[in-house]
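Participant: What follows is model16.cif, made up of mmCIF, C-alpha atoms, pLDDT in the B column; chains and numbers go by the auth columns:
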data_entry
loop_
_atom_site.group_PDB
_atom_site.id
_atom_site.type_symbol
_atom_site.label_atom_id
_atom_site.label_comp_id
_atom_site.label_asym_id
_atom_site.label_seq_id
_atom_site.Cartn_x
_atom_site.Cartn_y
_atom_site.Cartn_z
_atom_site.B_iso_or_equiv
_atom_site.auth_seq_id
_atom_site.auth_asym_id
ATOM 1 C CA MET A 1 25.669 -2.418 11.381 53.00 205 A
ATOM 2 C CA LYS A 2 24.699 0.516 13.624 57.00 206 A
ATOM 3 C CA GLU A 3 28.226 0.688 15.002 62.00 207 A
ATOM 4 C CA LYS A 4 29.627 0.742 11.459 61.00 208 A
ATOM 5 C CA HIS A 5 27.245 3.550 10.526 58.00 209 A
ATOM 6 C CA LYS A 6 28.152 5.542 13.652 66.00 210 A
ATOM 7 C CA GLU A 7 31.859 5.077 12.944 70.00 211 A
ATOM 8 C CA GLU A 8 31.457 6.240 9.317 69.00 212 A
ATOM 9 C CA LYS A 9 29.430 9.237 10.444 68.00 213 A
ATOM 10 C CA LYS A 10 32.057 10.137 13.070 72.00 214 A
ATOM 11 C CA LYS A 11 34.845 9.945 10.455 73.00 215 A
ATOM 12 C CA ASP A 12 32.816 12.076 8.030 67.00 216 A
ATOM 13 C CA ASN A 13 32.161 14.723 10.703 69.00 217 A
ATOM 14 C CA GLN A 14 35.863 14.796 11.676 75.00 218 A
ATOM 15 C CA ARG A 15 36.927 15.170 8.036 70.00 219 A
ATOM 16 C CA ILE A 16 34.437 18.029 7.516 69.00 220 A
ATOM 17 C CA ASN A 17 35.659 19.770 10.677 67.00 221 A
ATOM 18 C CA ASP A 18 39.286 19.439 9.523 70.00 222 A
ATOM 19 C CA GLU A 19 38.415 20.839 6.088 65.00 223 A
ATOM 20 C CA ASN A 20 36.462 23.734 7.588 60.00 224 A
ATOM 21 C CA GLN A 21 39.371 24.545 9.870 65.00 225 A
ATOM 22 C CA SER A 22 41.872 24.575 6.992 60.00 226 A
ATOM 23 C CA VAL A 23 39.583 26.767 4.889 53.00 227 A
ATOM 24 C CA ASP A 24 39.060 29.133 7.818 58.00 228 A
ATOM 25 C CA GLU A 25 42.813 29.313 8.348 60.00 229 A
ATOM 26 C CA SER A 26 43.375 30.146 4.691 54.00 230 A
ATOM 27 C CA LEU A 27 40.750 32.870 4.909 51.00 231 A
ATOM 28 C CA ASP A 28 42.330 34.411 8.022 54.00 232 A
ATOM 29 C CA THR A 29 44.728 37.202 7.417 46.00 233 A
ATOM 30 C CA ALA A 30 48.231 35.980 6.921 43.00 234 A
ATOM 31 C CA ALA A 31 50.497 37.026 9.728 44.00 235 A
ATOM 32 C CA THR A 32 54.198 36.485 9.540 43.00 236 A
ATOM 33 C CA VAL A 33 56.631 37.218 12.264 42.00 237 A
ATOM 34 C CA SER A 34 60.188 38.026 11.374 44.00 238 A
ATOM 35 C CA ASP A 35 62.609 39.651 13.745 45.00 239 A
ATOM 36 C CA ASN A 36 59.804 40.423 16.216 45.00 240 A
ATOM 37 C CA GLU A 37 58.005 42.432 13.539 46.00 241 A
ATOM 38 C CA THR A 38 54.429 41.540 12.537 51.00 242 A
ATOM 39 C CA VAL A 39 53.333 42.022 8.954 52.00 243 A
ATOM 40 C CA THR A 40 49.700 41.454 8.043 60.00 244 A
ATOM 41 C CA SER A 41 48.402 41.029 4.549 76.00 245 A
ATOM 42 C CA GLU A 42 44.879 40.322 3.444 86.00 246 A
ATOM 43 C CA PRO A 43 44.185 37.429 1.049 86.00 247 A
ATOM 44 C CA SER A 44 43.128 38.448 -2.425 92.00 248 A
ATOM 45 C CA MET A 45 39.607 38.011 -3.715 93.00 249 A
ATOM 46 C CA GLU A 46 40.774 35.173 -5.969 93.00 250 A
ATOM 47 C CA GLU A 47 42.200 33.284 -2.999 93.00 251 A
ATOM 48 C CA LYS A 48 38.959 33.785 -1.081 94.00 252 A
ATOM 49 C CA MET A 49 36.897 32.613 -4.058 95.00 253 A
ATOM 50 C CA THR A 50 39.122 29.573 -4.566 95.00 254 A
ATOM 51 C CA ALA A 51 38.853 28.628 -0.903 95.00 255 A
ATOM 52 C CA LEU A 52 35.067 29.071 -0.875 96.00 256 A
ATOM 53 C CA GLU A 53 34.683 27.132 -4.122 96.00 257 A
ATOM 54 C CA ASP A 54 36.782 24.296 -2.693 96.00 258 A
ATOM 55 C CA LYS A 55 34.686 24.287 0.476 96.00 259 A
ATOM 56 C CA TYR A 56 31.483 24.249 -1.581 97.00 260 A
ATOM 57 C CA LEU A 57 32.638 21.344 -3.762 97.00 261 A
ATOM 58 C CA ARG A 58 33.638 19.332 -0.702 97.00 262 A
ATOM 59 C CA LEU A 59 30.250 19.927 0.941 97.00 263 A
ATOM 60 C CA VAL A 60 28.436 18.881 -2.226 97.00 264 A
ATOM 61 C CA ALA A 61 30.513 15.706 -2.412 97.00 265 A
ATOM 62 C CA GLU A 62 29.886 14.956 1.271 97.00 266 A
ATOM 63 C CA PHE A 63 26.160 15.451 0.834 97.00 267 A
ATOM 64 C CA ASP A 64 26.126 13.170 -2.212 97.00 268 A
ATOM 65 C CA ASN A 65 27.997 10.479 -0.254 97.00 269 A
ATOM 66 C CA TYR A 66 25.570 10.856 2.648 97.00 270 A
ATOM 67 C CA ARG A 67 22.570 10.527 0.322 97.00 271 A
ATOM 68 C CA LYS A 68 23.972 7.384 -1.313 97.00 272 A
ATOM 69 C CA ARG A 69 24.785 5.847 2.060 97.00 273 A
ATOM 70 C CA THR A 70 21.285 6.463 3.440 97.00 274 A
ATOM 71 C CA VAL A 71 19.670 4.971 0.326 97.00 275 A
ATOM 72 C CA ARG A 72 21.884 1.883 0.656 95.00 276 A
ATOM 73 C CA GLU A 73 21.068 1.561 4.378 95.00 277 A
ATOM 74 C CA ARG A 74 17.335 1.896 3.712 94.00 278 A
ATOM 75 C CA ILE A 75 17.480 -0.906 1.140 92.00 279 A
ATOM 76 C CA GLU A 76 19.405 -3.120 3.573 90.00 280 A
ATOM 77 C CA PHE A 77 16.907 -2.375 6.344 90.00 281 A
ATOM 78 C CA LEU A 78 13.914 -3.310 4.184 86.00 282 A
ATOM 79 C CA ALA A 79 15.597 -6.534 3.115 82.00 283 A
ATOM 80 C CA LEU A 80 16.274 -7.466 6.733 85.00 284 A
ATOM 81 C CA ALA A 81 12.725 -6.567 7.798 81.00 285 A
ATOM 82 C CA ASN A 82 11.280 -8.950 5.201 82.00 286 A
ATOM 83 C CA GLU A 83 13.744 -11.603 6.282 86.00 287 A
ATOM 84 C CA GLU A 84 12.512 -11.418 9.882 84.00 288 A
ATOM 85 C CA LEU A 85 8.856 -11.639 8.850 86.00 289 A
ATOM 86 C CA LEU A 86 9.422 -14.600 6.571 88.00 290 A
ATOM 87 C CA ALA A 87 11.564 -16.414 9.130 90.00 291 A
ATOM 88 C CA GLY A 88 8.675 -16.136 11.593 91.00 292 A
ATOM 89 C CA ILE A 89 6.239 -17.658 9.097 93.00 293 A
ATOM 90 C CA LEU A 90 8.459 -20.677 8.395 95.00 294 A
ATOM 91 C CA PRO A 91 7.211 -22.682 11.434 94.00 295 A
ATOM 92 C CA VAL A 92 3.639 -22.246 10.170 94.00 296 A
ATOM 93 C CA LEU A 93 4.742 -23.458 6.737 95.00 297 A
ATOM 94 C CA ASP A 94 6.348 -26.504 8.387 96.00 298 A
ATOM 95 C CA ASP A 95 3.059 -27.234 10.196 95.00 299 A
ATOM 96 C CA MET A 96 1.159 -26.979 6.903 94.00 300 A
ATOM 97 C CA GLU A 97 3.558 -29.474 5.321 95.00 301 A
ATOM 98 C CA ARG A 98 3.049 -31.920 8.209 93.00 302 A
ATOM 99 C CA ALA A 99 -0.736 -31.488 7.918 93.00 303 A
ATOM 100 C CA ALA A 100 -0.618 -32.246 4.182 92.00 304 A
ATOM 101 C CA GLN A 101 1.363 -35.412 4.896 92.00 305 A
ATOM 102 C CA ALA A 102 -1.091 -36.428 7.632 91.00 306 A
ATOM 103 C CA MET A 103 -4.041 -35.933 5.249 90.00 307 A
ATOM 104 C CA GLN A 104 -2.626 -38.618 2.991 90.00 308 A
ATOM 105 C CA ARG A 105 -2.339 -41.138 5.857 91.00 309 A
ATOM 106 C CA THR A 106 -5.631 -40.662 7.708 88.00 310 A
ATOM 107 C CA ASP A 107 -9.346 -40.680 7.049 89.00 311 A
ATOM 108 C CA ASP A 108 -10.256 -38.878 10.297 91.00 312 A
ATOM 109 C CA ILE A 109 -11.706 -35.642 8.952 91.00 313 A
ATOM 110 C CA ALA A 110 -12.471 -34.214 12.396 92.00 314 A
ATOM 111 C CA ALA A 111 -8.843 -34.555 13.501 91.00 315 A
ATOM 112 C CA MET A 112 -7.618 -32.981 10.247 92.00 316 A
ATOM 113 C CA ARG A 113 -10.048 -30.067 10.623 93.00 317 A
ATOM 114 C CA GLU A 114 -8.826 -29.494 14.179 94.00 318 A
ATOM 115 C CA GLY A 115 -5.173 -29.591 13.055 93.00 319 A
ATOM 116 C CA VAL A 116 -5.756 -27.090 10.243 94.00 320 A
ATOM 117 C CA LEU A 117 -7.615 -24.755 12.629 95.00 321 A
ATOM 118 C CA LEU A 118 -4.675 -24.923 15.061 96.00 322 A
ATOM 119 C CA ILE A 119 -2.294 -23.967 12.274 96.00 323 A
ATOM 120 C CA GLN A 120 -4.578 -21.102 11.250 95.00 324 A
ATOM 121 C CA ASP A 121 -4.695 -19.850 14.852 95.00 325 A
ATOM 122 C CA LYS A 122 -0.888 -20.007 15.052 96.00 326 A
ATOM 123 C CA LEU A 123 -0.553 -17.904 11.892 95.00 327 A
ATOM 124 C CA ILE A 124 -3.158 -15.383 13.078 94.00 328 A
ATOM 125 C CA LYS A 125 -1.437 -14.980 16.461 95.00 329 A
ATOM 126 C CA TYR A 126 1.953 -14.470 14.795 94.00 330 A
ATOM 127 C CA LEU A 127 0.554 -11.797 12.485 94.00 331 A
ATOM 128 C CA GLU A 128 -1.354 -10.106 15.321 94.00 332 A
ATOM 129 C CA ASN A 129 1.905 -9.871 17.280 93.00 333 A
ATOM 130 C CA ARG A 130 3.326 -8.013 14.274 91.00 334 A
ATOM 131 C CA GLY A 131 0.428 -5.498 14.302 93.00 335 A
ATOM 132 C CA LEU A 132 -1.980 -7.086 11.785 94.00 336 A
ATOM 133 C CA LYS A 133 -5.608 -7.163 12.896 94.00 337 A
ATOM 134 C CA MET A 134 -8.716 -8.403 11.115 93.00 338 A
ATOM 135 C CA PHE A 135 -11.826 -6.306 11.697 90.00 339 A
ATOM 136 C CA ASP A 136 -15.379 -7.584 11.606 87.00 340 A
ATOM 137 C CA ALA A 137 -17.889 -5.466 9.719 88.00 341 A
ATOM 138 C CA THR A 138 -21.088 -7.509 10.099 88.00 342 A
ATOM 139 C CA GLY A 139 -23.979 -5.451 11.465 87.00 343 A
ATOM 140 C CA LYS A 140 -22.058 -2.159 11.433 90.00 344 A
ATOM 141 C CA GLU A 141 -22.906 1.010 9.530 91.00 345 A
ATOM 142 C CA LEU A 142 -21.235 1.264 6.122 89.00 346 A
ATOM 143 C CA ASN A 143 -17.978 3.145 6.663 89.00 347 A
ATOM 144 C CA THR A 144 -16.128 3.915 3.428 89.00 348 A
ATOM 145 C CA ASP A 145 -12.887 4.328 5.383 92.00 349 A
ATOM 146 C CA GLU A 146 -12.986 0.593 6.214 93.00 350 A
ATOM 147 C CA HIS A 147 -15.540 -1.000 3.892 93.00 351 A
ATOM 148 C CA GLU A 148 -15.939 -1.437 0.169 93.00 352 A
ATOM 149 C CA ALA A 149 -19.580 -2.067 -0.762 93.00 353 A
ATOM 150 C CA VAL A 150 -19.658 -4.763 -3.434 93.00 354 A
ATOM 151 C CA THR A 151 -23.424 -4.949 -3.775 93.00 355 A
ATOM 152 C CA LYS A 152 -26.698 -3.968 -2.155 93.00 356 A
ATOM 153 C CA ILE A 153 -29.567 -6.277 -1.265 92.00 357 A
ATOM 154 C CA PRO A 154 -32.973 -5.625 0.246 91.00 358 A
ATOM 155 C CA ALA A 155 -32.518 -5.364 4.020 86.00 359 A
ATOM 156 C CA PRO A 156 -34.085 -8.260 5.966 85.00 360 A
ATOM 157 C CA SER A 157 -35.359 -5.722 8.525 86.00 361 A
ATOM 158 C CA ASP A 158 -35.671 -1.942 8.803 85.00 362 A
ATOM 159 C CA GLU A 159 -32.893 -1.716 11.383 87.00 363 A
ATOM 160 C CA GLN A 160 -30.393 -3.286 8.935 87.00 364 A
ATOM 161 C CA LYS A 161 -30.876 -0.602 6.268 88.00 365 A
ATOM 162 C CA GLY A 162 -27.533 1.069 5.498 87.00 366 A
ATOM 163 C CA LYS A 163 -25.697 -1.560 7.533 91.00 367 A
ATOM 164 C CA VAL A 164 -23.405 -4.401 6.530 92.00 368 A
ATOM 165 C CA VAL A 165 -25.475 -7.548 6.027 92.00 369 A
ATOM 166 C CA ASP A 166 -22.692 -9.907 4.874 92.00 370 A
ATOM 167 C CA VAL A 167 -18.896 -9.846 4.606 93.00 371 A
ATOM 168 C CA ILE A 168 -17.436 -11.272 1.407 94.00 372 A
ATOM 169 C CA GLN A 169 -13.798 -10.589 2.283 94.00 373 A
ATOM 170 C CA HIS A 170 -12.496 -9.472 5.686 93.00 374 A
ATOM 171 C CA GLY A 171 -10.600 -6.234 6.066 94.00 375 A
ATOM 172 C CA TYR A 172 -7.259 -5.835 7.833 95.00 376 A
ATOM 173 C CA THR A 173 -5.376 -3.085 9.612 94.00 377 A
ATOM 174 C CA LEU A 174 -1.654 -2.905 10.233 94.00 378 A
ATOM 175 C CA ASN A 175 -0.821 -0.863 13.332 92.00 379 A
ATOM 176 C CA GLY A 176 -4.109 1.028 12.997 91.00 380 A
ATOM 177 C CA LYS A 177 -3.858 1.739 9.254 94.00 381 A
ATOM 178 C CA VAL A 178 -6.278 -0.026 6.900 94.00 382 A
ATOM 179 C CA ILE A 179 -4.257 -2.122 4.458 94.00 383 A
ATOM 180 C CA ARG A 180 -7.222 -3.999 2.946 95.00 384 A
ATOM 181 C CA TYR A 181 -10.805 -2.822 2.921 95.00 385 A
ATOM 182 C CA ALA A 182 -13.538 -5.295 3.851 94.00 386 A
ATOM 183 C CA LYS A 183 -15.695 -6.239 0.864 95.00 387 A
ATOM 184 C CA VAL A 184 -19.244 -6.155 2.121 94.00 388 A
ATOM 185 C CA VAL A 185 -22.894 -6.500 1.133 93.00 389 A
ATOM 186 C CA VAL A 186 -25.072 -3.611 2.331 93.00 390 A
ATOM 187 C CA GLY A 187 -28.813 -3.732 3.106 91.00 391 A
ATOM 188 C CA GLU A 188 -31.007 -1.081 1.512 87.00 392 A
#
Show the structure stored in the file as structure tokens.
Facilitator:
Amino acid sequence: MKEKHKEEKKKDNQRINDENQSVDESLDTAATVSDNETVTSEPSMEEKMTALEDKYLRLVAEFDNYRKRTVRERIEFLALANEELLAGILPVLDDMERAAQAMQRTDDIAAMREGVLLIQDKLIKYLENRGLKMFDATGKELNTDEHEAVTKIPAPSDEQKGKVVDVIQHGYTLNGKVIRYAKVVVGE
């Protein structure tokens, strides 16, 4: 796809250069040589205006084509990015399916719990490799850039006043940017 884009861009640049050269040639003074005699005449204002108008229209059309192409490429890129993410999650989905089947055949709760925790760890590691990180807020000062205070309760001790006492829902960052705030209970 990159090679196709580079090739299209190269063709577009060549076409623009050719057009600019032909317009420049038409704007140059006309020189004719007949019998070793040089006659120069200057193009009229109408010819200059026509040439400039043509050049302007071509540039507008080229820009419009460029804009449409970049929009199309951006849409394709986003579709492919989602495809890669979802393809990476498919093995975890397969493990969940196997765990559901195993739950129907066994009564060993400890083994099932261990299997589900392994699947959870696999999913967490995959997402962490893609830049997703869960942050723990318990015991930290309330930070409105990371936390959303759901409620306040009396602090169990003086040192827990203004700090997070309980986490209702964990917060997550993606490559350092908070994508979900942690829902927390604050001691007062």
Participant: Work out how far atom CA of A:Ala386 is from atom CA of A:Gly343, in Å to one decimal.
Facilitator: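 Distance reported for this atom pair: 12.9 Å.
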Participant: What residues come out when you apply the PyMOL selection byres ((chain A and resi 368-378) around 8) to this file, written as a PyMOL selection string?
Facilitator: chain A and resi 335-346+350-351+359+364+366-367+379-391
Participant: Just to confirm, what's the straight-line distance from atom CA of A:Ile279 to atom CA of A:Ala291 in Å (one decimal)?
Facilitator: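 Taking atom CA of A:Ile279 as the start and atom CA of A:Ala291 as the end point, the length is 18.4 Å.
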Participant: How far is it from atom CA of A:Asp311 to atom CA of A:Asp299, in Å with one decimal?
Facilitator: 18.6 Å
Participant: I want to know what sits within 12 Å of A:Leu321, based on only C-alpha atoms, with residues of the same chain fewer than 5 positions away left out; could you give that as a VMD selection string?
Facilitator: chain A and resid 296 299 to 300 303 314 to 316 326 to 328
Participant: Take the selection from the previous step and output its residues with C-alpha atoms, as an mmCIF file, in the frame of the given file.
Facilitator:
data_model
loop_
_atom_site.group_PDB
_atom_site.id
_atom_site.type_symbol
_atom_site.label_atom_id
_atom_site.label_comp_id
_atom_site.auth_asym_id
_atom_site.auth_seq_id
_atom_site.Cartn_x
_atom_site.Cartn_y
_atom_site.Cartn_z
ATOM 1 C CA VAL A 296 3.639 -22.246 10.170
ATOM 2 C CA ASP A 299 3.059 -27.234 10.196
ATOM 3 C CA MET A 300 1.159 -26.979 6.903
ATOM 4 C CA ALA A 303 -0.736 -31.488 7.918
ATOM 5 C CA ALA A 314 -12.471 -34.214 12.396
ATOM 6 C CA ALA A 315 -8.843 -34.555 13.501
ATOM 7 C CA MET A 316 -7.618 -32.981 10.247
ATOM 8 C CA LYS A 326 -0.888 -20.007 15.052
ATOM 9 C CA LEU A 327 -0.553 -17.904 11.892
ATOM 10 C CA ILE A 328 -3.158 -15.383 13.078
#
Participant: Using only C-alpha atoms, pick whichever of A:Val275, A:Asp312, A:Ser361, A:Arg334 has the shortest atom-to-atom distance to A:Glu288.
Facilitator: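 Looking at the shortest contact to A:Glu288, the residue is A:Arg334.
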Participant: Nearest to A:Lys329 among A:Pro247, A:Glu352, A:Ile293, A:Ala283, with distances taken over only C-alpha atoms: which residue is it?
Facilitator: A:Ile293
Participant: Centre and edge lengths, as lines of an AutoDock Vina configuration file, for the axis-aligned box enclosing every listed atom of stretch 340-350 of chain A with 8 Å of padding on each of the six sides, in Å to one decimal?
Facilitator:
center_x = -18.4
center_y = -1.6
center_z = 7.5
size_x = 27.1
size_y = 27.9
size_z = 24.2
